[in-house]
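Here the structure is laid out as structure tokens; the discussion comes afterwards.
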Amino acid sequence: MRELNPQQQQAVTAGTGAILVLAGPGSGKTRVLTQRIAYLIGNMGVRPYHILAVTFTNKAAREMDERIGDLLGERNRGLTLGTFHSTCGRILRREAQYLPFDQNYVIYDADDQIRVVKQVVKDLNLNDKLYRPHGLHASISNAKNELLLPDDFPVQTYRDEVVKRVYERYQKTLLASNALDFDDMLLWTAYLLDQMPAVRERYARRFEHILVDEFQDTNMAQYTLLKHLASFHRNIFVVGDADQSIYRWRGADYRNVLRFEEDYPDSQVILLEQNYRSTQTILDTAMAVIDQNPTRTPKKLFTERGKGQKITLRELYDDREMASFIVGQIAKDIAAQKNQPGDFAVMYRTNAQSRILEEAFLAAYLPYKLVGAQRFYGRREVKDVIAYLRLVYNPRDEISLMRVINIPRRGIGDKSILTLRTYAQQVNLSSGEVVLQLGNGTGTEHGDALPNRVAATLAGFGRLLSSWHTQKDELSPMGLMDLILGDVEYRTYLEDGTEEGKERWENVMELRRLASEYQERSLEAFLENIALVSDQDTIEAGSNVPTLLTLHAAKGLEFPVVFIVGLNDGTLPHIRSFEDPEAMHEERRLLYVGITRAEDQLYLLHALNRFNYGYMEPADPSRYLDDIPLELVSGASARHSPSTDAIFRPERWNDSAELREVEPKYHPGMNIIHAAWGDGMVLNSKIEDDEEIVDIFFEGVGLKRVVASLAHLEVKS
DNA sequence: ATAAAGTGACTTTTT
DNA sequence: GTCACTTTAT
């Protein structure tokens, strides 16, 4: 506690009531939250059972849990700490009796949700060119985040009318499948607390203190359910920073910060402005960028770390040169022992930008870790196995049934599936229930009603499903998985002799390893965990290699050296935000978040040309770069400077071969060819005893030091 | 019923 | 330049 600054202390020891902590980046907000919880338990005598703390990512929750554990040891037992979704998930299972679904509901991920929309579009005979499933889903999601049920959906245009019909049917499909999407978890919890006063009071009385992390990212559903949960004791402690609000497209509304002050007029506001992460130069850069956003509460970030190094602003010829510049810079700093590999992070606006970077790292034999992109849980084979498990857990899960009913092939084609679905609808059952009843002998009437061959194949699958279903409670998640994989001969199906097939099976084995961690826990816990982990949660420290990640994924993290790439208009700000001023403000905040991740050194890079679709086109530097004062930038005229051109247009060097001998001929960033080692990039060059000594990073070979006059280097143009 | 070939759409960020 | 979905050929 003594290590806290006065503002932090004020926040930690604040009394009861509503408290709003506006925490700038790197101002120790996680510290304040954890200390606050420890203070409530240790000093104010609040029982952990009466405290609720919510975060957005599992990672943040885990981190807080560990830190509280460090402070309190076992005394934190009984504390409710989790993400919005996991907390809602628990409440919904417990209170399912009041809701239109069963306790054993499954959670549909983004992919499943789109499949449902596609099915609905088909069922309603809509033109899927005119009504794109993704667009429809976005409209539905927005409505849910605003707590609008299908009946309340406002109709102003013909499209709204269609969306409303799709929404209605989408929601019916989910409920018939005993499934919830992510938005439902918040929506139904808010609905429950709103409609059932007794339930609301039970929870509101229980949670004497509620703490919320990243409050600026809450949407209407989250805000409402927090309000309900805090309705009895009204002790709500929220921490946030409107300048770091970057999830508007997911319904997040930083105006909830304003709403909070309206709803709790006697709330205490505490400002955390001292930064413990970055140099003043980096903070000044960040403020120069964010200050251009209108209607924000100005914050003055300051640090005691001193000015530090200037930031680097650089123009590269294209994405490829940008990537090799970064790799070269990283290799150089590592070779000079200036930094460790794990100190570096490369951030970009869109996941697609990671590919060229990956190629450059791969070519330099420099290990790296990539956050996000092709998710493990998104792999086809992984999804298949999860679908089997989900189907056993909840046979009404239509999406999972359709996924696995004919995988591996068992002669149930489109025709049979259509017959099954039509029949199931007639008898008011889910397809899964019909199959299950055919398999366990309780559905002989289905057998009579369906064509013989269809009934026979379905019954075959039904017998498998039924046997898994009866054994599911005796087996661990891993045991059940083994049983299913064996019964359907999944390995034989995957391993077709190709390398890809082998990889796929290895992924399944990785899933099995994850399941093995649930020996003592239920299938339910395993499935829920799979559904609610995100890329953000898989970021682990420790591997000591550079990190590649999106600006969104970077929130909450910090690195000694940060590269932000693709600072071009159209990329950042992204072209899809151009027409919407609010979206443009969010783009700016995104850059602000990226800049404030840096501790010591910041590189802002843009390209002269960029790849779009498949061809190269000229690109403008990001407009945000104009807002950065030149005195913060190293080399002052780094943009459009002759030196930059010289380095990254190697042909210029061929023209000036008559350079004086005492000056290095090779410069960092140049691409060269060596007779034995092939392609390489110059990292450094210096003159020693009239000889030029060059450090070069060779693709596939590594870092080499050569004497220029002996090495027969060829400059690549 | 399945594999191969062709088409078109799309790339913003994710619990 | 990639993916998913559709059509076409076997």
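Just so we're on the same page: first chain in the structure tokens is A, next is B, and so on; residues restart at 1 for each chain, and ligands are numbered from 1 in the order they show up.
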Next on the checklist: Using only C-alpha atoms (C1' of nucleotides) and a cut-off of 12 Å, which residues of chain C sit close to chain A? Please list them as a PyMOL selection string.
Outcome noted: chain C and resi 1-2+5
Item to check | Residue hits in chain B, query chain A, radius 8 Å, only C-alpha atoms (C1' of nucleotides), as JSON, numbers by chain | outcome: {"B": [1, 11, 12, 13, 14, 15]}
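Between CA of Gln97 (chain A) and CA of Ile399 (chain A) there is a distance of 23.8 Å.
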Next on the checklist: Considering only strand (DSSP E) as DSSP defines it on the backbone, what residues of region 157-365 of chain A qualify? List them as number ranges by chain.
Outcome noted: A: 179-181, 209-212, 236-240, 268-272, 274-275, 302-303, 312-316, 344-348
Where does DSSP see helix (DSSP H, G or I) in region 72-288 of chain A, if you list the residues as a compact mmCIF listing (two decimals) with N, CA and C atoms, in the first residue's frame?
# COMPACT_ATOMS: atom_id res chain seq x y z
N LEU A 72 -3.40 -11.92 -0.54
CA LEU A 72 -4.27 -12.44 0.52
C LEU A 72 -4.09 -13.93 0.80
N GLY A 73 -3.43 -14.64 -0.08
CA GLY A 73 -3.34 -16.08 0.08
C GLY A 73 -4.72 -16.71 -0.04
N GLU A 74 -5.05 -17.58 0.89
CA GLU A 74 -6.31 -18.33 0.81
C GLU A 74 -7.53 -17.48 1.15
N ARG A 75 -7.27 -16.28 1.67
CA ARG A 75 -8.40 -15.48 2.15
C ARG A 75 -9.28 -14.95 1.03
N ASN A 76 -8.89 -15.20 -0.22
CA ASN A 76 -9.74 -14.72 -1.32
C ASN A 76 -10.77 -15.76 -1.73
N PHE A 84 -17.28 -11.06 -18.14
CA PHE A 84 -18.72 -10.85 -18.23
C PHE A 84 -19.40 -12.13 -18.69
N HIS A 85 -18.85 -12.75 -19.73
CA HIS A 85 -19.52 -13.90 -20.31
C HIS A 85 -19.50 -15.10 -19.39
N SER A 86 -18.39 -15.36 -18.73
CA SER A 86 -18.35 -16.53 -17.86
C SER A 86 -19.24 -16.32 -16.63
N THR A 87 -19.26 -15.09 -16.13
CA THR A 87 -20.11 -14.80 -14.97
C THR A 87 -21.59 -14.97 -15.35
N CYS A 88 -21.95 -14.43 -16.48
CA CYS A 88 -23.33 -14.58 -16.96
C CYS A 88 -23.64 -16.05 -17.20
N GLY A 89 -22.67 -16.76 -17.78
CA GLY A 89 -22.86 -18.18 -18.05
C GLY A 89 -23.24 -18.94 -16.80
N ARG A 90 -22.57 -18.64 -15.72
CA ARG A 90 -22.84 -19.33 -14.47
C ARG A 90 -24.24 -18.98 -13.95
N ILE A 91 -24.56 -17.70 -14.00
CA ILE A 91 -25.89 -17.28 -13.52
C ILE A 91 -26.98 -17.95 -14.35
N LEU A 92 -26.78 -18.00 -15.66
CA LEU A 92 -27.82 -18.55 -16.54
C LEU A 92 -28.03 -20.05 -16.29
N ARG A 93 -26.96 -20.78 -16.04
CA ARG A 93 -27.14 -22.22 -15.77
C ARG A 93 -27.91 -22.41 -14.47
N ARG A 94 -27.59 -21.58 -13.50
CA ARG A 94 -28.24 -21.73 -12.20
C ARG A 94 -29.71 -21.34 -12.28
N ALA A 96 -31.71 -21.27 -15.04
CA ALA A 96 -32.32 -21.65 -16.32
C ALA A 96 -33.82 -21.93 -16.19
N GLN A 97 -34.25 -22.32 -15.00
CA GLN A 97 -35.68 -22.60 -14.80
C GLN A 97 -36.56 -21.40 -15.14
N TYR A 98 -36.01 -20.20 -15.02
CA TYR A 98 -36.80 -19.00 -15.32
C TYR A 98 -36.68 -18.57 -16.77
N ALA A 110 -18.72 -17.65 -33.22
CA ALA A 110 -19.00 -16.80 -34.37
C ALA A 110 -19.33 -17.62 -35.61
N ASP A 111 -18.58 -18.68 -35.82
CA ASP A 111 -18.78 -19.53 -36.97
C ASP A 111 -20.16 -20.20 -36.95
N ASP A 112 -20.52 -20.74 -35.79
CA ASP A 112 -21.84 -21.36 -35.63
C ASP A 112 -22.95 -20.35 -35.88
N GLN A 113 -22.74 -19.14 -35.36
CA GLN A 113 -23.76 -18.10 -35.49
C GLN A 113 -24.03 -17.79 -36.96
N ILE A 114 -22.95 -17.69 -37.74
CA ILE A 114 -23.11 -17.41 -39.17
C ILE A 114 -23.84 -18.57 -39.85
N ARG A 115 -23.52 -19.79 -39.44
CA ARG A 115 -24.21 -20.94 -40.02
C ARG A 115 -25.71 -20.87 -39.77
N VAL A 116 -26.07 -20.46 -38.57
CA VAL A 116 -27.50 -20.34 -38.27
C VAL A 116 -28.14 -19.29 -39.17
N VAL A 117 -27.47 -18.13 -39.30
CA VAL A 117 -28.03 -17.08 -40.15
C VAL A 117 -28.20 -17.59 -41.58
N LYS A 118 -27.20 -18.30 -42.08
CA LYS A 118 -27.27 -18.83 -43.44
C LYS A 118 -28.46 -19.76 -43.59
N GLN A 119 -28.65 -20.61 -42.60
CA GLN A 119 -29.77 -21.53 -42.62
C GLN A 119 -31.09 -20.76 -42.66
N VAL A 120 -31.16 -19.71 -41.84
CA VAL A 120 -32.38 -18.91 -41.78
C VAL A 120 -32.63 -18.22 -43.13
N VAL A 121 -31.57 -17.67 -43.72
CA VAL A 121 -31.70 -17.02 -45.02
C VAL A 121 -32.26 -18.00 -46.04
N LYS A 122 -31.79 -19.22 -45.96
CA LYS A 122 -32.27 -20.26 -46.87
C LYS A 122 -33.74 -20.58 -46.58
N ASP A 123 -34.05 -20.79 -45.31
CA ASP A 123 -35.41 -21.14 -44.90
C ASP A 123 -36.41 -20.06 -45.30
N PRO A 133 -25.20 -12.89 -45.00
CA PRO A 133 -25.30 -13.44 -43.64
C PRO A 133 -24.50 -12.63 -42.61
N HIS A 134 -23.30 -12.17 -43.01
CA HIS A 134 -22.49 -11.41 -42.05
C HIS A 134 -23.17 -10.09 -41.66
N GLY A 135 -23.73 -9.43 -42.66
CA GLY A 135 -24.39 -8.17 -42.40
C GLY A 135 -25.62 -8.36 -41.52
N LEU A 136 -26.41 -9.37 -41.85
CA LEU A 136 -27.59 -9.66 -41.05
C LEU A 136 -27.20 -9.97 -39.61
N HIS A 137 -26.16 -10.77 -39.47
CA HIS A 137 -25.74 -11.13 -38.13
C HIS A 137 -25.30 -9.90 -37.34
N ALA A 138 -24.60 -8.98 -38.01
CA ALA A 138 -24.15 -7.76 -37.33
C ALA A 138 -25.35 -6.97 -36.83
N SER A 139 -26.40 -6.89 -37.66
CA SER A 139 -27.59 -6.15 -37.24
C SER A 139 -28.25 -6.81 -36.03
N ILE A 140 -28.30 -8.15 -36.07
CA ILE A 140 -28.90 -8.87 -34.95
C ILE A 140 -28.08 -8.64 -33.68
N SER A 141 -26.78 -8.75 -33.85
CA SER A 141 -25.89 -8.57 -32.71
C SER A 141 -26.03 -7.18 -32.09
N ASN A 142 -26.08 -6.18 -32.96
CA ASN A 142 -26.26 -4.82 -32.46
C ASN A 142 -27.55 -4.68 -31.67
N ALA A 143 -28.62 -5.27 -32.21
CA ALA A 143 -29.90 -5.20 -31.53
C ALA A 143 -29.80 -5.84 -30.14
N LYS A 144 -29.18 -7.00 -30.09
CA LYS A 144 -29.05 -7.69 -28.81
C LYS A 144 -28.25 -6.87 -27.81
N ASN A 145 -27.17 -6.25 -28.31
CA ASN A 145 -26.36 -5.44 -27.40
C ASN A 145 -27.12 -4.23 -26.87
N PRO A 150 -36.56 -9.43 -30.66
CA PRO A 150 -37.15 -9.33 -32.01
C PRO A 150 -38.42 -8.48 -32.04
N ASP A 151 -39.27 -8.64 -31.03
CA ASP A 151 -40.52 -7.87 -31.01
C ASP A 151 -40.29 -6.36 -30.93
N ASP A 152 -39.19 -5.98 -30.29
CA ASP A 152 -38.91 -4.55 -30.11
C ASP A 152 -38.09 -3.97 -31.25
N TYR A 158 -37.34 -1.22 -45.46
CA TYR A 158 -37.71 -2.57 -45.83
C TYR A 158 -36.68 -3.57 -45.32
N ARG A 159 -35.41 -3.11 -45.35
CA ARG A 159 -34.36 -4.00 -44.86
C ARG A 159 -34.58 -4.34 -43.38
N ASP A 160 -34.95 -3.33 -42.59
CA ASP A 160 -35.23 -3.58 -41.18
C ASP A 160 -36.28 -4.67 -41.02
N GLU A 161 -37.27 -4.57 -41.90
CA GLU A 161 -38.36 -5.55 -41.87
C GLU A 161 -37.80 -6.97 -42.07
N VAL A 162 -36.89 -7.08 -43.03
CA VAL A 162 -36.27 -8.38 -43.30
C VAL A 162 -35.40 -8.81 -42.12
N VAL A 163 -34.59 -7.89 -41.63
CA VAL A 163 -33.72 -8.21 -40.49
C VAL A 163 -34.55 -8.71 -39.32
N LYS A 164 -35.64 -8.04 -39.10
CA LYS A 164 -36.50 -8.44 -37.99
C LYS A 164 -36.98 -9.88 -38.13
N ARG A 165 -37.38 -10.23 -39.36
CA ARG A 165 -37.84 -11.60 -39.60
C ARG A 165 -36.70 -12.59 -39.41
N VAL A 166 -35.53 -12.22 -39.91
CA VAL A 166 -34.37 -13.11 -39.75
C VAL A 166 -34.03 -13.25 -38.27
N TYR A 167 -34.03 -12.14 -37.55
CA TYR A 167 -33.73 -12.13 -36.12
C TYR A 167 -34.70 -13.06 -35.38
N GLU A 168 -35.99 -12.91 -35.67
CA GLU A 168 -37.00 -13.76 -35.03
C GLU A 168 -36.68 -15.24 -35.20
N ARG A 169 -36.42 -15.57 -36.45
CA ARG A 169 -36.20 -16.98 -36.77
C ARG A 169 -34.86 -17.47 -36.23
N TYR A 170 -33.88 -16.60 -36.28
CA TYR A 170 -32.55 -16.91 -35.74
C TYR A 170 -32.67 -17.26 -34.26
N GLN A 171 -33.40 -16.43 -33.55
CA GLN A 171 -33.54 -16.64 -32.12
C GLN A 171 -34.31 -17.93 -31.83
N LYS A 172 -35.34 -18.21 -32.65
CA LYS A 172 -36.10 -19.45 -32.48
C LYS A 172 -35.21 -20.65 -32.71
N THR A 173 -34.36 -20.55 -33.75
CA THR A 173 -33.47 -21.65 -34.07
C THR A 173 -32.51 -21.93 -32.91
N LEU A 174 -31.95 -20.85 -32.36
CA LEU A 174 -31.03 -21.03 -31.24
C LEU A 174 -31.74 -21.71 -30.07
N LEU A 175 -32.93 -21.23 -29.74
CA LEU A 175 -33.63 -21.80 -28.60
C LEU A 175 -34.01 -23.25 -28.85
N ALA A 176 -34.41 -23.55 -30.09
CA ALA A 176 -34.76 -24.93 -30.42
C ALA A 176 -33.53 -25.83 -30.29
N PHE A 182 -22.94 -15.45 -28.05
CA PHE A 182 -22.26 -14.63 -27.04
C PHE A 182 -23.16 -13.51 -26.54
N ASP A 183 -23.86 -12.87 -27.48
CA ASP A 183 -24.71 -11.74 -27.10
C ASP A 183 -25.84 -12.19 -26.19
N ASP A 184 -26.36 -13.41 -26.46
CA ASP A 184 -27.45 -13.93 -25.64
C ASP A 184 -27.06 -14.03 -24.17
N MET A 185 -25.80 -14.37 -23.93
CA MET A 185 -25.38 -14.57 -22.55
C MET A 185 -25.58 -13.30 -21.74
N LEU A 186 -25.27 -12.17 -22.36
CA LEU A 186 -25.48 -10.89 -21.69
C LEU A 186 -26.95 -10.52 -21.70
N LEU A 187 -27.55 -10.70 -22.88
CA LEU A 187 -28.95 -10.33 -23.06
C LEU A 187 -29.86 -11.06 -22.08
N TRP A 188 -29.72 -12.38 -22.00
CA TRP A 188 -30.61 -13.15 -21.14
C TRP A 188 -30.38 -12.86 -19.67
N THR A 189 -29.13 -12.57 -19.31
CA THR A 189 -28.87 -12.24 -17.91
C THR A 189 -29.52 -10.90 -17.56
N ALA A 190 -29.36 -9.92 -18.46
CA ALA A 190 -29.99 -8.63 -18.22
C ALA A 190 -31.51 -8.79 -18.15
N TYR A 191 -32.03 -9.62 -19.05
CA TYR A 191 -33.46 -9.87 -19.11
C TYR A 191 -33.96 -10.52 -17.82
N LEU A 192 -33.22 -11.52 -17.37
CA LEU A 192 -33.56 -12.23 -16.13
C LEU A 192 -33.63 -11.27 -14.95
N LEU A 193 -32.59 -10.45 -14.81
CA LEU A 193 -32.53 -9.53 -13.67
C LEU A 193 -33.60 -8.46 -13.78
N ASP A 194 -33.98 -8.14 -15.02
CA ASP A 194 -34.98 -7.13 -15.24
C ASP A 194 -36.38 -7.66 -14.95
N GLN A 195 -36.64 -8.89 -15.39
CA GLN A 195 -37.99 -9.44 -15.33
C GLN A 195 -38.31 -10.16 -14.02
N PRO A 197 -37.86 -9.88 -10.29
CA PRO A 197 -37.41 -9.07 -9.16
C PRO A 197 -36.79 -9.91 -8.04
N ALA A 198 -37.35 -11.09 -7.81
CA ALA A 198 -36.84 -11.92 -6.71
C ALA A 198 -35.41 -12.36 -7.00
N VAL A 199 -35.17 -12.76 -8.24
CA VAL A 199 -33.83 -13.18 -8.62
C VAL A 199 -32.87 -12.00 -8.53
N ARG A 200 -33.33 -10.86 -9.06
CA ARG A 200 -32.49 -9.68 -9.03
C ARG A 200 -32.08 -9.36 -7.61
N GLU A 201 -33.05 -9.40 -6.71
CA GLU A 201 -32.76 -9.02 -5.34
C GLU A 201 -31.77 -10.00 -4.69
N ARG A 202 -31.93 -11.26 -5.02
CA ARG A 202 -31.03 -12.26 -4.45
C ARG A 202 -29.58 -11.93 -4.81
N TYR A 203 -29.35 -11.63 -6.10
CA TYR A 203 -27.97 -11.31 -6.51
C TYR A 203 -27.55 -9.93 -6.01
N ALA A 204 -28.44 -8.99 -6.08
CA ALA A 204 -28.10 -7.62 -5.68
C ALA A 204 -27.76 -7.55 -4.20
N ARG A 205 -28.45 -8.37 -3.40
CA ARG A 205 -28.14 -8.39 -1.97
C ARG A 205 -26.80 -9.07 -1.72
N ARG A 206 -26.55 -10.09 -2.53
CA ARG A 206 -25.32 -10.83 -2.33
C ARG A 206 -24.08 -9.98 -2.63
N PHE A 215 -14.07 -0.44 -18.11
CA PHE A 215 -15.48 -0.05 -18.12
C PHE A 215 -15.89 0.61 -19.43
N GLN A 216 -14.95 1.28 -20.10
CA GLN A 216 -15.29 1.97 -21.35
C GLN A 216 -15.70 0.99 -22.45
N ASP A 217 -15.44 -0.27 -22.26
CA ASP A 217 -15.79 -1.26 -23.28
C ASP A 217 -17.16 -1.91 -23.05
N MET A 220 -24.57 -1.72 -23.81
CA MET A 220 -25.81 -1.44 -23.08
C MET A 220 -26.24 -2.63 -22.22
N ALA A 221 -26.11 -3.82 -22.78
CA ALA A 221 -26.51 -5.02 -22.03
C ALA A 221 -25.66 -5.16 -20.77
N GLN A 222 -24.37 -4.96 -20.92
CA GLN A 222 -23.49 -5.09 -19.77
C GLN A 222 -23.75 -3.99 -18.74
N TYR A 223 -23.96 -2.78 -19.25
CA TYR A 223 -24.24 -1.67 -18.34
C TYR A 223 -25.50 -1.96 -17.52
N THR A 224 -26.53 -2.43 -18.22
CA THR A 224 -27.80 -2.68 -17.56
C THR A 224 -27.69 -3.78 -16.52
N LEU A 225 -26.99 -4.84 -16.87
CA LEU A 225 -26.93 -5.92 -15.88
C LEU A 225 -26.09 -5.53 -14.68
N LEU A 226 -25.07 -4.70 -14.91
CA LEU A 226 -24.30 -4.19 -13.77
C LEU A 226 -25.19 -3.34 -12.87
N LYS A 227 -26.02 -2.53 -13.52
CA LYS A 227 -26.90 -1.65 -12.76
C LYS A 227 -27.85 -2.47 -11.89
N HIS A 228 -28.37 -3.55 -12.47
CA HIS A 228 -29.26 -4.42 -11.70
C HIS A 228 -28.52 -5.06 -10.54
N LEU A 229 -27.32 -5.55 -10.83
CA LEU A 229 -26.57 -6.25 -9.78
C LEU A 229 -26.19 -5.31 -8.64
N ALA A 242 -11.74 6.27 -21.48
CA ALA A 242 -12.49 6.47 -22.73
C ALA A 242 -11.55 6.54 -23.94
N ASP A 243 -10.32 7.00 -23.71
CA ASP A 243 -9.37 7.10 -24.83
C ASP A 243 -8.93 5.73 -25.33
N GLN A 244 -9.18 4.70 -24.56
CA GLN A 244 -8.79 3.36 -24.98
C GLN A 244 -10.00 2.53 -25.38
N ARG A 248 -16.17 -0.37 -30.24
CA ARG A 248 -17.47 0.19 -30.59
C ARG A 248 -18.26 -0.76 -31.48
N TRP A 249 -17.57 -1.38 -32.42
CA TRP A 249 -18.22 -2.27 -33.37
C TRP A 249 -18.81 -3.49 -32.66
N ARG A 250 -18.41 -3.68 -31.43
CA ARG A 250 -19.00 -4.80 -30.71
C ARG A 250 -20.06 -4.30 -29.74
N ASN A 256 -21.04 5.16 -21.71
CA ASN A 256 -21.48 4.57 -20.45
C ASN A 256 -20.75 5.22 -19.27
N VAL A 257 -19.58 5.78 -19.54
CA VAL A 257 -18.86 6.50 -18.49
C VAL A 257 -19.68 7.73 -18.07
N LEU A 258 -20.23 8.44 -19.07
CA LEU A 258 -21.08 9.60 -18.77
C LEU A 258 -22.38 9.17 -18.11
N ARG A 259 -22.94 8.07 -18.67
CA ARG A 259 -24.18 7.53 -18.13
C ARG A 259 -24.01 7.18 -16.65
N PHE A 260 -22.86 6.65 -16.34
CA PHE A 260 -22.55 6.26 -14.97
C PHE A 260 -22.64 7.48 -14.04
N GLU A 261 -22.06 8.58 -14.49
CA GLU A 261 -22.08 9.77 -13.65
C GLU A 261 -23.50 10.32 -13.48
N GLU A 262 -24.33 10.09 -14.51
CA GLU A 262 -25.72 10.52 -14.40
C GLU A 262 -26.50 9.62 -13.45
N ASP A 263 -26.28 8.30 -13.61
CA ASP A 263 -27.04 7.35 -12.80
C ASP A 263 -26.60 7.34 -11.34
N GLN A 280 8.73 9.92 -21.39
CA GLN A 280 7.91 11.11 -21.63
C GLN A 280 7.75 11.36 -23.13
N THR A 281 8.78 11.04 -23.89
CA THR A 281 8.69 11.24 -25.35
C THR A 281 7.56 10.40 -25.94
N ILE A 282 7.46 9.17 -25.51
CA ILE A 282 6.40 8.30 -26.01
C ILE A 282 5.03 8.82 -25.55
N LEU A 283 4.94 9.26 -24.30
CA LEU A 283 3.67 9.81 -23.81
C LEU A 283 3.30 11.08 -24.58
N ASP A 284 4.28 11.91 -24.87
CA ASP A 284 4.00 13.14 -25.63
C ASP A 284 3.50 12.80 -27.03
N THR A 285 4.10 11.77 -27.63
CA THR A 285 3.63 11.33 -28.95
C THR A 285 2.18 10.88 -28.86
N ALA A 286 1.90 10.09 -27.85
CA ALA A 286 0.54 9.57 -27.68
C ALA A 286 -0.46 10.71 -27.48
N MET A 287 -0.08 11.66 -26.65
CA MET A 287 -1.01 12.77 -26.39
C MET A 287 -1.20 13.64 -27.62
N ALA A 288 -0.12 13.83 -28.41
CA ALA A 288 -0.23 14.62 -29.63
C ALA A 288 -1.27 13.99 -30.56
Next on the checklist: I want to know what sits within 12 Å of DA4 (chain C), based on only C-alpha atoms (C1' of nucleotides), with residues of the same chain fewer than 6 positions away left out; could you give that as a list in words?
Outcome noted: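 After dropping sequence-adjacent residues, the list is DT7, DG8, DA9 and DC10 of chain B.
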Item to check | Close residues, region 25-29 of chain A itself excluded, 9 Å, only C-alpha atoms (C1' of nucleotides), min 2 positions apart in chain, as a ChimeraX atom specification | outcome: /A:8,21-23,31-34,213,239-241,244,272-278,301,556,558,593,596-597
Item to check | Contacts of region 44-53 of chain A within 7 Å, only C-alpha atoms (C1' of nucleotides), excl. fewer than 4 positions in-chain, as a PyMOL selection string | outcome: chain A and resi 39-40+76-82+206-212
Requested write-out: N, CA, C and O atoms of the selected residues, as a tab-separated table (two decimals), in the first residue's frame:
chain	number	residue	atom	x	y	z
A	39	TYR	N	-8.08	-4.72	-0.06
A	39	TYR	CA	-8.44	-3.77	1.00
A	39	TYR	C	-9.85	-4.06	1.53
A	39	TYR	O	-10.08	-4.05	2.75
A	40	LEU	N	-10.77	-4.31	0.63
A	40	LEU	CA	-12.14	-4.62	1.06
A	40	LEU	C	-12.16	-5.83	1.98
A	40	LEU	O	-12.83	-5.83	3.02
A	76	ASN	N	-8.89	-15.20	-0.22
A	76	ASN	CA	-9.74	-14.72	-1.32
A	76	ASN	C	-10.77	-15.76	-1.73
A	76	ASN	O	-11.51	-15.57	-2.69
A	77	ARG	N	-10.82	-16.87	-1.06
A	77	ARG	CA	-11.74	-17.95	-1.45
A	77	ARG	C	-13.20	-17.51	-1.40
A	77	ARG	O	-13.64	-16.91	-0.42
A	78	GLY	N	-13.91	-17.80	-2.47
A	78	GLY	CA	-15.32	-17.45	-2.51
A	78	GLY	C	-15.59	-16.21	-3.34
A	78	GLY	O	-16.73	-15.87	-3.64
A	79	LEU	N	-14.52	-15.53	-3.71
A	79	LEU	CA	-14.63	-14.34	-4.54
A	79	LEU	C	-15.17	-14.70	-5.93
A	79	LEU	O	-14.77	-15.70	-6.50
A	80	THR	N	-16.10	-13.90	-6.43
A	80	THR	CA	-16.55	-14.11	-7.81
A	80	THR	C	-15.75	-13.21	-8.72
A	80	THR	O	-15.87	-11.99	-8.65
A	81	LEU	N	-14.90	-13.82	-9.54
A	81	LEU	CA	-14.03	-13.05	-10.42
A	81	LEU	C	-14.02	-13.73	-11.77
A	81	LEU	O	-13.66	-14.90	-11.89
A	82	GLY	N	-14.44	-13.03	-12.80
A	82	GLY	CA	-14.44	-13.64	-14.12
A	82	GLY	C	-14.82	-12.65	-15.19
A	82	GLY	O	-15.02	-11.46	-14.91
A	206	ARG	N	-26.55	-10.09	-2.53
A	206	ARG	CA	-25.32	-10.83	-2.33
A	206	ARG	C	-24.08	-9.98	-2.63
A	206	ARG	O	-23.13	-9.97	-1.85
A	207	PHE	N	-24.12	-9.28	-3.76
A	207	PHE	CA	-22.92	-8.56	-4.17
A	207	PHE	C	-22.85	-7.18	-3.54
A	207	PHE	O	-23.35	-6.19	-4.09
A	208	GLU	N	-22.21	-7.13	-2.37
A	208	GLU	CA	-22.09	-5.86	-1.65
A	208	GLU	C	-21.17	-4.91	-2.40
A	208	GLU	O	-21.33	-3.70	-2.35
A	209	HIS	N	-20.19	-5.50	-3.07
A	209	HIS	CA	-19.25	-4.66	-3.82
A	209	HIS	C	-19.05	-5.24	-5.22
A	209	HIS	O	-18.79	-6.42	-5.37
A	210	ILE	N	-19.17	-4.37	-6.21
A	210	ILE	CA	-18.96	-4.79	-7.60
A	210	ILE	C	-17.83	-3.96	-8.18
A	210	ILE	O	-17.79	-2.74	-8.01
A	211	LEU	N	-16.88	-4.64	-8.82
A	211	LEU	CA	-15.74	-3.94	-9.45
A	211	LEU	C	-15.68	-4.30	-10.92
A	211	LEU	O	-15.87	-5.47	-11.29
A	212	VAL	N	-15.44	-3.33	-11.77
A	212	VAL	CA	-15.45	-3.55	-13.21
A	212	VAL	C	-14.18	-3.00	-13.86
A	212	VAL	O	-13.82	-1.84	-13.64
Checklist outcome for this item: The distance between CA of Gly24 (chain A) and CA of Pro560 (chain A) is 18.3 Å
Checklist entry - Interatomic distance between CA of Asn507 (chain A) and CA of Ala345 (chain A)? => result 27.1 Å
